[in-house]
$ cat upload_5.cif   # mmCIF, C-alpha atoms
data_structure
#
loop_
_atom_site.label_atom_id
_atom_site.label_comp_id
_atom_site.auth_asym_id
_atom_site.auth_seq_id
_atom_site.Cartn_x
_atom_site.Cartn_y
_atom_site.Cartn_z
CA MET A 1 106.27 53.82 -68.76
CA LYS A 2 103.49 52.32 -70.89
CA GLU A 3 103.31 49.01 -68.90
CA GLN A 4 102.26 50.68 -65.61
CA PRO A 5 98.82 51.99 -66.81
CA VAL A 6 98.01 48.60 -68.33
CA ALA A 7 98.72 46.83 -65.05
CA GLY A 8 96.55 49.33 -63.17
CA VAL A 9 93.62 48.76 -65.47
CA LEU A 10 93.94 44.96 -65.08
CA ALA A 11 94.03 45.23 -61.30
CA LEU A 12 90.90 47.42 -61.29
CA THR A 13 89.03 44.91 -63.48
CA LEU A 14 89.87 42.02 -61.11
CA LEU A 15 88.66 44.01 -58.11
CA MET A 16 85.32 44.78 -59.79
CA ALA A 17 84.77 41.11 -60.75
CA ALA A 18 85.45 40.02 -57.18
CA GLY A 19 82.95 42.55 -55.85
CA LEU A 20 80.28 41.45 -58.29
CA GLY A 21 80.72 37.78 -57.26
CA ALA A 22 80.43 38.69 -53.61
CA CYS A 23 77.21 40.54 -54.28
CA GLN A 24 75.77 37.55 -56.18
CA ARG A 25 76.69 35.15 -53.36
CA SER A 26 75.15 37.42 -50.75
CA GLY A 27 71.94 37.62 -52.83
CA GLN A 28 71.75 33.84 -53.11
CA ASP A 29 72.29 33.45 -49.37
CA ALA A 30 69.56 35.97 -48.73
CA SER A 31 67.19 34.06 -51.08
CA VAL A 32 67.91 30.77 -49.32
CA ALA A 33 67.31 32.39 -45.97
CA ALA A 34 63.97 33.79 -47.18
CA SER A 35 62.75 30.34 -48.21
CA GLY A 36 63.73 28.66 -44.95
CA PRO A 37 61.64 27.80 -41.81
CA ALA A 38 61.32 31.43 -40.83
CA ALA A 39 59.60 32.25 -44.11
CA SER A 40 57.29 29.20 -43.76
CA ALA A 41 56.29 30.38 -40.34
CA ALA A 42 55.53 33.80 -41.70
CA ARG A 43 53.27 32.44 -44.51
CA PRO A 44 49.52 32.88 -43.51
CA SER A 45 47.47 29.77 -42.59
CA THR A 46 44.61 28.64 -44.84
CA SER A 47 41.10 28.88 -43.37
CA VAL A 48 39.21 25.56 -43.61
CA SER A 49 36.14 24.00 -42.01
CA VAL A 50 36.66 20.63 -40.37
CA PHE A 51 34.56 17.75 -39.10
CA ALA A 52 35.54 15.26 -36.39
CA ALA A 53 34.87 11.72 -37.60
CA GLN A 54 32.01 10.10 -35.70
CA LYS A 55 30.97 6.56 -34.89
CA ARG A 56 27.32 5.81 -35.55
CA ASP A 57 24.99 2.92 -36.09
CA VAL A 58 24.13 3.39 -39.76
CA PRO A 59 21.06 1.62 -41.19
CA VAL A 60 21.50 0.05 -44.62
CA THR A 61 18.36 1.07 -46.47
CA VAL A 62 17.00 0.00 -49.83
CA GLU A 63 15.08 2.78 -51.57
CA ALA A 64 12.60 2.15 -54.35
CA ALA A 65 9.78 3.89 -56.19
CA GLY A 66 6.42 2.34 -55.37
CA THR A 67 2.75 2.62 -56.16
CA VAL A 68 -0.06 2.72 -53.62
CA VAL A 69 -2.56 -0.08 -54.15
CA ALA A 70 -5.79 -0.98 -52.41
CA LEU A 71 -5.46 -4.22 -50.46
CA ASP A 72 -9.08 -4.94 -51.31
CA ALA A 73 -11.15 -3.52 -54.16
CA VAL A 74 -14.49 -4.47 -55.66
CA GLU A 75 -16.82 -3.35 -58.42
CA VAL A 76 -20.42 -3.43 -57.25
CA ARG A 77 -22.80 -4.97 -59.82
CA PRO A 78 -26.48 -5.94 -59.62
CA GLN A 79 -27.48 -9.61 -59.39
CA LEU A 80 -30.91 -9.16 -60.89
CA SER A 81 -32.56 -7.04 -63.54
CA GLY A 82 -34.55 -4.03 -62.45
CA THR A 83 -34.69 -0.29 -62.12
CA ILE A 84 -32.93 1.77 -59.45
CA ALA A 85 -35.46 2.90 -56.87
CA GLU A 86 -33.04 4.69 -54.52
CA VAL A 87 -29.39 5.79 -54.60
CA LEU A 88 -28.27 5.94 -50.98
CA VAL A 89 -24.69 7.24 -51.45
CA LYS A 90 -22.88 10.07 -53.19
CA ASP A 91 -19.66 10.13 -55.19
CA GLY A 92 -16.62 9.70 -52.97
CA ASP A 93 -18.45 8.66 -49.80
CA PHE A 94 -16.73 6.50 -47.21
CA VAL A 95 -18.88 3.46 -46.48
CA LYS A 96 -18.88 0.71 -43.91
CA ARG A 97 -19.19 -2.99 -44.60
CA GLY A 98 -22.87 -3.91 -44.99
CA GLN A 99 -24.02 -0.30 -45.52
CA PRO A 100 -26.88 -0.09 -48.10
CA LEU A 101 -25.81 1.59 -51.35
CA PHE A 102 -28.75 1.11 -53.74
CA ARG A 103 -32.30 -0.19 -53.66
CA LEU A 104 -33.96 -1.70 -56.74
CA ASP A 105 -37.62 -1.99 -57.62
CA VAL A 106 -38.26 -5.59 -56.49
CA ARG A 107 -42.08 -5.74 -56.73
CA ALA A 108 -41.85 -8.53 -59.30
CA GLN A 109 -39.47 -10.48 -57.10
CA GLN A 110 -41.70 -9.92 -54.09
CA ALA A 111 -44.64 -11.36 -56.09
CA GLN A 112 -42.54 -14.43 -56.75
CA VAL A 113 -41.95 -14.73 -53.02
CA ASP A 114 -45.68 -14.56 -52.35
CA ARG A 115 -46.40 -17.16 -55.04
CA ALA A 116 -43.79 -19.51 -53.61
CA ARG A 117 -45.17 -19.06 -50.13
CA ALA A 118 -48.72 -19.85 -51.35
CA GLN A 119 -47.49 -22.97 -53.13
CA LEU A 120 -45.77 -24.07 -49.95
CA LEU A 121 -49.00 -23.64 -47.98
CA LYS A 122 -50.89 -25.66 -50.60
CA ASP A 123 -48.36 -28.49 -50.48
CA GLN A 124 -48.34 -28.48 -46.68
CA ALA A 125 -52.16 -28.82 -46.66
CA ALA A 126 -51.96 -31.75 -49.08
CA LEU A 127 -49.29 -33.32 -46.88
CA ALA A 128 -51.47 -33.01 -43.80
CA ASP A 129 -54.35 -34.77 -45.65
CA LEU A 130 -52.08 -37.62 -46.77
CA GLU A 131 -50.79 -38.05 -43.24
CA ARG A 132 -54.39 -38.50 -42.04
CA GLN A 133 -55.05 -40.99 -44.86
CA TRP A 134 -51.95 -42.93 -43.94
CA LYS A 135 -53.00 -43.11 -40.32
CA ARG A 136 -56.47 -44.36 -41.32
CA ALA A 137 -54.99 -46.86 -43.77
CA GLN A 138 -52.82 -48.31 -41.01
CA GLU A 139 -55.89 -48.81 -38.81
CA LEU A 140 -57.91 -50.43 -41.62
CA ARG A 141 -55.02 -52.68 -42.61
CA ALA A 142 -54.70 -53.83 -39.03
CA GLU A 143 -58.31 -55.08 -39.19
CA ASN A 144 -57.83 -56.49 -42.74
CA PHE A 145 -60.42 -54.12 -44.20
CA ILE A 146 -58.03 -53.06 -47.01
CA ALA A 147 -55.29 -54.82 -48.90
CA GLN A 148 -51.63 -54.21 -48.21
CA SER A 149 -51.21 -52.73 -51.69
CA ALA A 150 -53.75 -50.04 -50.90
CA ALA A 151 -51.85 -49.10 -47.75
CA ASP A 152 -48.58 -49.02 -49.71
CA THR A 153 -50.13 -46.65 -52.24
CA VAL A 154 -51.14 -44.25 -49.49
CA ARG A 155 -47.62 -44.43 -48.04
CA ALA A 156 -46.05 -43.64 -51.45
CA ASN A 157 -48.35 -40.67 -51.94
CA LEU A 158 -47.37 -39.42 -48.48
CA ASP A 159 -43.62 -39.61 -49.22
CA SER A 160 -44.14 -37.88 -52.55
CA GLN A 161 -46.01 -35.04 -50.91
CA ARG A 162 -43.29 -34.61 -48.31
CA ALA A 163 -40.81 -34.14 -51.16
CA ALA A 164 -43.15 -31.62 -52.78
CA VAL A 165 -43.26 -29.63 -49.54
CA ALA A 166 -39.43 -29.61 -49.38
CA ALA A 167 -39.28 -28.37 -52.99
CA SER A 168 -41.76 -25.62 -52.21
CA GLN A 169 -39.69 -24.56 -49.22
CA ALA A 170 -36.56 -24.37 -51.42
CA ALA A 171 -38.44 -22.36 -54.04
CA LEU A 172 -39.58 -19.92 -51.37
CA ARG A 173 -36.02 -19.46 -50.11
CA ALA A 174 -34.78 -18.88 -53.68
CA ALA A 175 -37.45 -16.26 -54.25
CA GLN A 176 -36.53 -14.57 -50.98
CA VAL A 177 -32.86 -14.51 -51.98
CA ASP A 178 -33.73 -12.91 -55.31
CA ALA A 179 -35.80 -10.31 -53.54
CA SER A 180 -32.95 -9.61 -51.10
CA PHE A 181 -30.74 -8.60 -54.05
CA GLY A 182 -32.98 -5.57 -54.33
CA THR A 183 -30.90 -3.94 -51.58
CA ILE A 184 -27.28 -3.68 -52.70
CA SER A 185 -24.92 -3.27 -49.73
CA ALA A 186 -21.19 -2.54 -49.45
CA PRO A 187 -19.19 -5.80 -49.33
CA LEU A 188 -16.25 -4.03 -47.65
CA ALA A 189 -15.38 -0.81 -45.87
CA GLY A 190 -13.71 1.84 -48.00
CA ARG A 191 -14.21 4.78 -50.27
CA ILE A 192 -16.51 4.64 -53.26
CA GLY A 193 -15.74 6.20 -56.61
CA ALA A 194 -18.09 7.86 -59.03
CA VAL A 195 -21.65 6.49 -58.96
CA ALA A 196 -22.46 5.32 -62.48
CA VAL A 197 -26.30 5.14 -62.18
CA HIS A 198 -29.15 7.32 -61.07
CA ARG A 199 -32.65 6.77 -59.80
CA GLY A 200 -34.74 5.12 -62.51
CA SER A 201 -31.76 3.60 -64.35
CA LEU A 202 -32.30 0.10 -65.69
CA VAL A 203 -29.62 -2.33 -64.53
CA GLN A 204 -28.97 -6.00 -65.12
CA PRO A 205 -26.39 -8.63 -64.24
CA GLY A 206 -23.28 -8.45 -66.41
CA GLY A 207 -23.82 -4.79 -67.21
CA THR A 208 -21.88 -1.73 -66.14
CA ALA A 209 -20.68 -1.63 -62.54
CA LEU A 210 -22.79 0.60 -60.35
CA VAL A 211 -19.81 1.85 -58.34
CA GLY A 212 -16.31 0.79 -57.28
CA ILE A 213 -15.06 0.54 -53.69
CA ASN A 214 -11.38 0.69 -52.65
CA GLN A 215 -10.17 -0.16 -49.19
CA ILE A 216 -8.23 2.83 -47.86
CA ASP A 217 -7.24 1.76 -44.35
CA PRO A 218 -5.12 -0.31 -44.18
CA ILE A 219 -3.58 0.25 -47.59
CA GLY A 220 -0.84 -1.42 -49.59
CA VAL A 221 2.26 -0.27 -51.45
CA SER A 222 3.66 -2.28 -54.34
CA PHE A 223 7.30 -1.82 -55.38
CA SER A 224 10.22 -3.68 -56.90
CA VAL A 225 13.77 -4.10 -55.62
CA PRO A 226 16.85 -5.25 -57.55
CA GLU A 227 17.54 -8.94 -57.33
CA SER A 228 20.88 -8.09 -55.73
CA GLN A 229 18.92 -6.97 -52.64
CA LEU A 230 16.88 -10.17 -52.41
CA ALA A 231 19.28 -11.96 -50.07
CA ALA A 232 19.43 -8.98 -47.70
CA LEU A 233 15.64 -8.69 -47.80
CA LEU A 234 15.15 -12.35 -46.92
CA ARG A 235 17.78 -12.13 -44.17
CA ALA A 236 16.08 -9.13 -42.61
CA PRO A 237 13.81 -9.73 -39.59
CA GLY A 238 10.55 -11.10 -40.92
CA GLY A 239 11.84 -11.11 -44.48
CA SER A 240 11.53 -14.81 -45.14
CA ALA A 241 8.77 -16.24 -47.27
CA GLN A 242 7.29 -17.91 -44.20
CA ASP A 243 7.52 -14.86 -41.92
CA THR A 244 7.18 -11.55 -43.72
CA GLY A 245 7.17 -8.35 -41.73
CA THR A 246 10.26 -6.26 -42.59
CA GLU A 247 9.51 -2.66 -41.69
CA VAL A 248 9.24 -0.02 -44.42
CA ALA A 249 8.87 3.76 -44.42
CA VAL A 250 6.70 5.28 -47.14
CA SER A 251 6.89 8.93 -48.22
CA ALA A 252 4.55 10.55 -50.70
CA PRO A 253 5.60 13.52 -52.84
CA ALA A 254 5.00 16.90 -51.24
CA ASP A 255 5.32 20.38 -52.72
CA GLY A 256 5.95 18.89 -56.15
CA GLU A 257 8.96 16.84 -55.03
CA ARG A 258 9.45 13.20 -54.16
CA GLY A 259 10.48 11.75 -50.88
CA ARG A 260 9.76 14.63 -48.49
CA GLY A 261 6.94 13.02 -46.57
CA THR A 262 3.20 12.68 -46.90
CA GLY A 263 2.67 16.37 -46.51
CA PRO A 264 4.49 19.50 -45.37
CA GLY A 265 6.44 18.48 -42.28
CA ALA A 266 4.78 15.07 -42.11
CA ALA A 267 6.75 12.01 -41.08
CA PRO A 268 6.80 8.98 -43.37
CA LEU A 269 4.17 6.33 -42.75
CA ARG A 270 5.49 3.00 -41.51
CA GLY A 271 4.31 -0.49 -42.34
CA LYS A 272 5.48 -4.05 -42.91
CA VAL A 273 6.25 -6.24 -45.87
CA VAL A 274 3.46 -8.76 -46.41
CA PHE A 275 4.49 -10.29 -49.72
CA VAL A 276 7.70 -11.14 -51.58
CA ASP A 277 7.15 -12.62 -55.03
CA ASN A 278 8.24 -16.20 -55.66
CA ALA A 279 10.32 -15.38 -58.74
CA VAL A 280 12.59 -12.66 -60.10
CA ASP A 281 11.33 -10.81 -63.18
CA THR A 282 14.03 -11.80 -65.68
CA PRO A 283 13.70 -8.89 -68.17
CA THR A 284 14.05 -6.23 -65.45
CA GLY A 285 16.14 -8.13 -62.90
CA THR A 286 13.82 -7.09 -60.07
CA ILE A 287 11.49 -8.83 -57.65
CA LYS A 288 8.06 -7.57 -56.61
CA VAL A 289 7.38 -6.72 -52.98
CA LYS A 290 4.20 -5.51 -51.29
CA ALA A 291 3.86 -3.78 -47.93
CA GLU A 292 0.84 -3.04 -45.78
CA LEU A 293 0.49 0.03 -43.58
CA ALA A 294 -2.12 1.90 -41.59
CA ASN A 295 -3.66 4.88 -43.38
CA LYS A 296 -6.06 6.36 -40.87
CA THR A 297 -5.46 9.93 -42.05
CA GLN A 298 -5.89 8.95 -45.73
CA ALA A 299 -2.45 10.38 -46.51
CA LEU A 300 -1.97 7.71 -49.19
CA TRP A 301 -4.30 7.13 -52.12
CA PRO A 302 -4.54 4.17 -54.52
CA GLY A 303 -2.51 4.81 -57.66
CA GLN A 304 -0.27 7.38 -55.98
CA TYR A 305 3.51 7.26 -56.55
CA VAL A 306 5.57 7.06 -53.37
CA THR A 307 9.13 6.48 -52.21
CA VAL A 308 9.69 3.34 -50.14
CA ARG A 309 12.67 2.91 -47.83
CA MET A 310 13.32 -0.50 -46.33
CA THR A 311 16.07 -1.12 -43.76
CA THR A 312 17.65 -4.52 -44.29
CA ARG A 313 20.49 -4.31 -41.74
CA THR A 314 22.49 -1.90 -39.56
CA LEU A 315 26.22 -1.16 -39.56
CA ALA A 316 27.15 -0.90 -35.88
CA GLY A 317 29.86 1.58 -34.91
CA ALA A 318 30.62 2.76 -38.44
CA VAL A 319 32.89 5.80 -38.90
CA VAL A 320 31.15 8.57 -40.87
CA ILE A 321 32.34 11.87 -42.37
CA PRO A 322 30.66 14.34 -44.75
CA GLN A 323 30.73 13.28 -48.38
CA ALA A 324 32.10 16.76 -49.19
CA ALA A 325 35.33 15.85 -47.37
CA LEU A 326 36.28 13.20 -49.95
CA VAL A 327 39.06 14.02 -52.41
CA ILE A 328 38.35 12.00 -55.56
CA ARG A 329 41.12 11.11 -57.97
CA GLY A 330 39.98 8.45 -60.41
CA ASN A 331 39.17 5.35 -58.36
CA GLU A 332 41.07 6.62 -55.31
CA ARG A 333 39.49 8.35 -52.34
CA SER A 334 41.35 10.35 -49.73
CA VAL A 335 40.83 13.06 -47.12
CA TYR A 336 42.93 15.80 -45.57
CA VAL A 337 43.41 15.11 -41.85
CA VAL A 338 44.29 18.02 -39.56
CA LYS A 339 47.11 17.04 -37.19
CA ALA A 340 47.81 18.39 -33.72
CA ASP A 341 50.29 20.99 -35.07
CA ALA A 342 47.55 22.49 -37.30
CA THR A 343 49.06 21.06 -40.48
CA VAL A 344 47.30 18.64 -42.81
CA GLU A 345 48.23 15.26 -44.20
CA SER A 346 46.58 13.29 -46.99
CA ARG A 347 45.01 10.03 -45.81
CA PRO A 348 43.68 7.38 -48.22
CA VAL A 349 40.25 6.02 -47.22
CA GLN A 350 37.79 3.49 -48.54
CA ALA A 351 34.22 4.74 -48.99
CA ARG A 352 31.79 1.97 -48.09
CA MET A 353 28.38 3.57 -48.61
CA PRO A 354 26.65 6.96 -48.47
CA SER A 355 24.34 7.91 -45.65
CA GLY A 356 22.52 11.10 -46.55
CA GLU A 357 25.10 13.92 -46.66
CA PHE A 358 27.54 11.62 -44.87
CA VAL A 359 29.52 8.59 -45.99
CA VAL A 360 30.77 5.52 -44.13
CA VAL A 361 34.53 5.16 -44.56
CA ASP A 362 37.38 2.85 -43.54
CA GLY A 363 40.80 4.27 -42.73
CA LEU A 364 39.88 6.89 -40.10
CA GLN A 365 39.55 6.81 -36.34
CA GLU A 366 36.78 8.41 -34.34
CA GLY A 367 37.60 12.02 -33.49
CA GLU A 368 40.12 12.61 -36.28
CA ARG A 369 39.38 15.95 -37.93
CA VAL A 370 39.02 16.06 -41.70
CA VAL A 371 38.88 19.11 -43.95
CA VAL A 372 35.43 19.60 -45.50
CA GLU A 373 35.44 23.09 -47.01
CA GLY A 374 38.60 24.68 -48.34
CA LYS A 375 40.36 21.43 -49.17
CA GLN A 376 41.08 22.71 -52.67
CA ASN A 377 43.39 25.35 -51.13
CA VAL A 378 45.58 23.02 -49.06
CA ARG A 379 48.32 20.54 -49.78
CA PRO A 380 50.03 17.96 -47.53
CA GLY A 381 52.00 19.92 -44.91
CA SER A 382 49.96 23.10 -45.27
CA SER A 383 49.19 25.06 -42.13
CA VAL A 384 45.47 25.59 -41.58
CA ARG A 385 43.18 27.58 -39.34
CA ALA A 386 40.24 25.26 -38.57
CA THR A 387 36.64 26.18 -37.83
CA PRO A 388 33.72 23.75 -37.28
CA TRP A 389 31.95 22.63 -40.45
CA GLN A 390 28.38 23.87 -40.90
CA SER A 391 25.98 21.40 -42.56
CA ALA A 392 23.39 22.24 -45.20
CA GLY A 393 20.79 22.44 -42.45
CA GLY A 394 22.69 25.22 -40.70
CA GLU A 395 23.92 23.07 -37.81
CA ARG A 396 27.57 23.45 -36.79
CA ARG A 397 29.30 20.11 -36.66
CA GLY A 398 32.63 18.53 -36.04
CA GLY A 399 34.90 21.31 -34.71
CA GLY A 400 36.27 18.80 -32.27
CA LYS A 401 35.29 15.83 -30.20
CA GLY A 402 32.81 17.88 -28.27
CA ALA A 403 31.16 19.23 -31.39
CA ALA A 404 31.07 15.81 -32.94
CA GLY A 405 29.30 14.41 -29.97
CA ALA A 406 26.82 17.24 -29.97
CA ALA A 407 25.96 16.64 -33.57
CA GLY A 408 24.61 13.23 -32.77
CA PRO A 409 23.33 10.68 -35.26
CA ALA A 410 20.38 12.68 -36.49
CA SER A 411 21.62 13.75 -39.87
CA GLY A 412 23.03 10.56 -41.31
CA ALA A 413 21.45 7.60 -39.60
CA ALA A 414 17.89 8.63 -40.24
CA SER A 415 18.26 9.03 -43.95
CA GLY A 416 19.60 5.54 -44.53
CA VAL A 417 21.60 4.27 -47.46
CA THR A 418 20.00 4.56 -50.83
CA GLY A 419 22.89 3.72 -53.14
CA ALA A 420 25.83 5.57 -54.59
CA ALA A 421 25.67 9.33 -54.55
CA PRO A 422 26.30 10.99 -57.93
CA GLY A 423 29.98 11.47 -58.59
CA ASN A 424 31.39 9.76 -55.51
CA GLY A 425 32.10 6.49 -57.27
CA MET A 426 30.79 4.38 -54.39
CA PRO A 427 28.96 1.13 -55.05
CA ALA A 428 25.44 0.77 -53.77
CA SER A 429 25.09 -1.61 -50.85
#
$ encode --input "upload_5.cif" --output "structure tokens"
Amino acid sequence: MKEQPVAGVLALTLLMAAGLGACQRSGQDASVAASGPAASAARPSTSVSVFAAQKRDVPVTVEAAGTVVALDAVEVRPQLSGTIAEVLVKDGDFVKRGQPLFRLDVRAQQAQVDRARAQLLKDQAALADLERQWKRAQELRAENFIAQSAADTVRANLDSQRAAVAASQAALRAAQVDASFGTISAPLAGRIGAVAVHRGSLVQPGGTALVGINQIDPIGVSFSVPESQLAALLRAPGGSAQDTGTEVAVSAPADGERGRGTGPGAAPLRGKVVFVDNAVDTPTGTIKVKAELANKTQALWPGQYVTVRMTTRTLAGAVVIPQAALVIRGNERSVYVVKADATVESRPVQARMPSGEFVVVDGLQEGERVVVEGKQNVRPGSSVRATPWQSAGGERRGGGKGAAGAAGPASGAASGVTGAAPGNGMPAS
């Protein structure tokens, strides 16, 4: 009688354990089912902005800080002592070559001219008398009325007087030259600085310069480039020592910042290289270069700091993407490429050089869409919802092949390559 209740309790315990195991297995099956393809399909896609890789001709540009220099400059000084009679210019005037600047009191020099002219007249009169004596001596000698020695003496006196006349003529010209220094004219066209003298000032050779003149148009820009760029500079069209002429673009600071043009909205001025130094500066590892450019609007001023960009070559058909699309892990660079099924894959790329907000890369084909914004929220295999990337300038770019074509080369190709952008780990070209 006591064994029957014990058996019943044991049977009930076994039934409960079996039910609990079934429930656990059903829960595991349900969990596996929830993590399967159906659950992946139900997970929401990540919103990202994409850019379709483009092919462009990218100029390789060397950028350097330069200084505007006058191609020709002179300090005007007097060549004789005297007082200033007239000041014919004002501070900062633009002058033409040969334009009178100052007039000195040259009454003393004019008196010297008159004295020299009078001496010349006196010597010419003496010469005329000796010529008559020589003619008479020749007639008398022909009739043996005078000795040959007497005729020779007359001839010697005549030659001596001819020399005296030549000396008087030279003295007159010298006096006239001295008097001409009384009018001081501009030796070149340009802009004058501050006038250092006034009417009545006493000036003399070797003293303080009266005024300085700088040539403004055309004007020069002096800058230095790393010696690593020397070969590319010399290979560029017109870059050789015998045939300079590589084109440069010069931008002056505007609105307190460098490199935005020669004024609000102004395009950079363009010129040509006219000089490449014959040696590299060893302490700095740079070489000096000078360019010449037209400056008709006086946008550039001697002594001004400017940014110089010089295109040494062009990468034809280079594939470019925004620099923001790069995923940087140590020395490795990669991008997320959006596939046809709206999922992404990680693609390693090699960054060759920056080009403004873009970068030239190897490892992508034209038209492949890369994730620009939102890449931190995706992983390989993630499903994405793509929208066209909008650049810093507000232009929508790269939603697809059509958008990529519409974007054109304006944003990257014009800016050129100036070296590695901060943080992208790319070597400068």
$ resolve_selection --input "upload_5.cif" --expression "the PyMOL selection byres ((chain A and resi 86) around 7)" --output "list in words"
Ile84, Ala85, Val87, Leu88, Phe102, Arg103, Leu104 and Arg199 of chain A
$ residues_around --input "upload_5.cif" --residues "Arg313 in chain A" --least-positions-apart "5" --cutoff "8 Å" --atoms "all atoms listed in the file" --output "PyMOL selection string"
chain A and resi 59-61+232+236
$ residues_near_point --input "upload_5.cif" --point "(-48.5, -34.7, -41.6)" --cutoff "12 Å" --atoms "only C-alpha atoms" --output "tab-separated table (two decimals) with C-alpha atoms, keeping the file's coordinate frame"
chain	number	residue	atom	x	y	z
A	123	ASP	CA	-48.36	-28.49	-50.48
A	124	GLN	CA	-48.34	-28.48	-46.68
A	125	ALA	CA	-52.16	-28.82	-46.66
A	126	ALA	CA	-51.96	-31.75	-49.08
A	127	LEU	CA	-49.29	-33.32	-46.88
A	128	ALA	CA	-51.47	-33.01	-43.80
A	129	ASP	CA	-54.35	-34.77	-45.65
A	130	LEU	CA	-52.08	-37.62	-46.77
A	131	GLU	CA	-50.79	-38.05	-43.24
A	132	ARG	CA	-54.39	-38.50	-42.04
A	133	GLN	CA	-55.05	-40.99	-44.86
A	134	TRP	CA	-51.95	-42.93	-43.94
A	135	LYS	CA	-53.00	-43.11	-40.32
A	155	ARG	CA	-47.62	-44.43	-48.04
A	157	ASN	CA	-48.35	-40.67	-51.94
A	158	LEU	CA	-47.37	-39.42	-48.48
A	159	ASP	CA	-43.62	-39.61	-49.22
A	161	GLN	CA	-46.01	-35.04	-50.91
A	162	ARG	CA	-43.29	-34.61	-48.31
A	165	VAL	CA	-43.26	-29.63	-49.54
$ closest_atom_pairs --input "upload_5.cif" --of "range 89-169 of chain A" --to "range 179-192 of chain A" --cutoff "12 Å" --atoms "all atoms listed in the file" --output "tab-separated table"
residue	atom	partner	partner_atom	distance
A:Val89	CA	A:Ile192	CA	8.8
A:Lys90	CA	A:Ile192	CA	8.4
A:Asp91	CA	A:Ile192	CA	6.6
A:Gly92	CA	A:Ile192	CA	5.1
A:Asp93	CA	A:Ile192	CA	5.6
A:Phe94	CA	A:Arg191	CA	4.3
A:Val95	CA	A:Ala189	CA	5.6
A:Lys96	CA	A:Ala189	CA	4.3
A:Arg97	CA	A:Leu188	CA	4.4
A:Gly98	CA	A:Ala186	CA	5.0
A:Gln99	CA	A:Ser185	CA	5.2
A:Pro100	CA	A:Ser185	CA	4.1
A:Leu101	CA	A:Ser185	CA	5.2
A:Phe102	CA	A:Ile184	CA	5.1
A:Arg103	CA	A:Thr183	CA	4.5
A:Leu104	CA	A:Gly182	CA	4.7
A:Asp105	CA	A:Gly182	CA	6.7
A:Val106	CA	A:Gly182	CA	5.7
A:Arg107	CA	A:Ala179	CA	8.4
A:Ala108	CA	A:Ala179	CA	8.5
A:Gln109	CA	A:Ala179	CA	5.1
A:Gln110	CA	A:Ala179	CA	5.9
A:Ala111	CA	A:Ala179	CA	9.3
A:Gln112	CA	A:Ala179	CA	8.5
A:Val113	CA	A:Ala179	CA	7.6
A:Asp114	CA	A:Ala179	CA	10.8
$ residues_around --input "upload_5.cif" --residues "Leu120 in chain A" --least-positions-apart "4" --cutoff "9 Å" --atoms "only C-alpha atoms" --output "PyMOL selection string"
chain A and resi 115-116+124-125+164-169+171-172
$ atom_distance --input "upload_5.cif" --atom1 "CA of Gly220 in chain A" --atom2 "CA of Pro78 in chain A"
27.9 Å
$ closest_residue --input "upload_5.cif" --among "A:Ala252, A:Ser383, A:Ala151, A:Asp341" --to "Gln304 in chain A" --atoms "only C-alpha atoms"
A:Ala252
$ residues_around --input "upload_5.cif" --residues "Pro218 in chain A" --least-positions-apart "5" --cutoff "7 Å" --atoms "all atoms listed in the file" --output "list in words"
Glu292, Leu293, Ala294 and Asn295 of chain A
$ atom_distance --input "upload_5.cif" --atom1 "CA of Tyr336 in chain A" --atom2 "CA of Glu368 in chain A"
10.2 Å
$ resolve_selection --input "upload_5.cif" --expression "the PyMOL selection byres ((chain A and resi 275) around 6)" --output "number ranges by chain"
A: 273-274, 276, 289-290
$ atom_distance --input "upload_5.cif" --atom1 "CA of Leu326 in chain A" --atom2 "CA of Glu63 in chain A"
23.7 Å
$ closest_residue --input "upload_5.cif" --among "A:Gln298, A:Lys272, A:Arg309, A:Thr83" --to "His198 in chain A" --atoms "only C-alpha atoms"
A:Thr83
$ resolve_selection --input "upload_5.cif" --expression "the PyMOL selection byres ((chain A and resi 279-288) around 7)" --output "PyMOL selection string"
chain A and resi 223-227+276-278+289-290
$ closest_residue --input "upload_5.cif" --among "A:Val349, A:Ala142, A:Leu80, A:Leu300" --to "Glu332 in chain A" --atoms "all atoms listed in the file"
A:Val349
$ closest_residue --input "upload_5.cif" --among "A:Val344, A:Ala53, A:Ala73, A:Val360" --to "Asp217 in chain A" --atoms "all atoms listed in the file"
A:Ala73
$ residues_around --input "upload_5.cif" --residues "Val335 in chain A" --least-positions-apart "3" --cutoff "12 Å" --atoms "all atoms listed in the file" --output "ChimeraX atom specification"
/A:50-51,53,321-329,332,338,344-351,361-364,368-376,378-380
$ closest_residue --input "upload_5.cif" --among "A:Leu140, A:Leu202, A:Arg117, A:Leu269" --to "Ala174 in chain A" --atoms "all atoms listed in the file"
A:Arg117
$ residues_around --input "upload_5.cif" --residues "Arg77 in chain A" --least-positions-apart "6" --cutoff "10 Å" --atoms "only C-alpha atoms" --output "list in words"
Ile184, Val203, Gln204, Pro205, Gly206, Gly207, Thr208, Ala209, Leu210, Val211 and Gly212 of chain A
$ write_last_selection --input "upload_5.cif" --atoms "C-alpha atoms" --output "compact mmCIF listing (two decimals), in the frame of the given file"
# COMPACT_ATOMS: atom_id res chain seq x y z
CA ILE A 184 -27.28 -3.68 -52.70
CA VAL A 203 -29.62 -2.33 -64.53
CA GLN A 204 -28.97 -6.00 -65.12
CA PRO A 205 -26.39 -8.63 -64.24
CA GLY A 206 -23.28 -8.45 -66.41
CA GLY A 207 -23.82 -4.79 -67.21
CA THR A 208 -21.88 -1.73 -66.14
CA ALA A 209 -20.68 -1.63 -62.54
CA LEU A 210 -22.79 0.60 -60.35
CA VAL A 211 -19.81 1.85 -58.34
CA GLY A 212 -16.31 0.79 -57.28
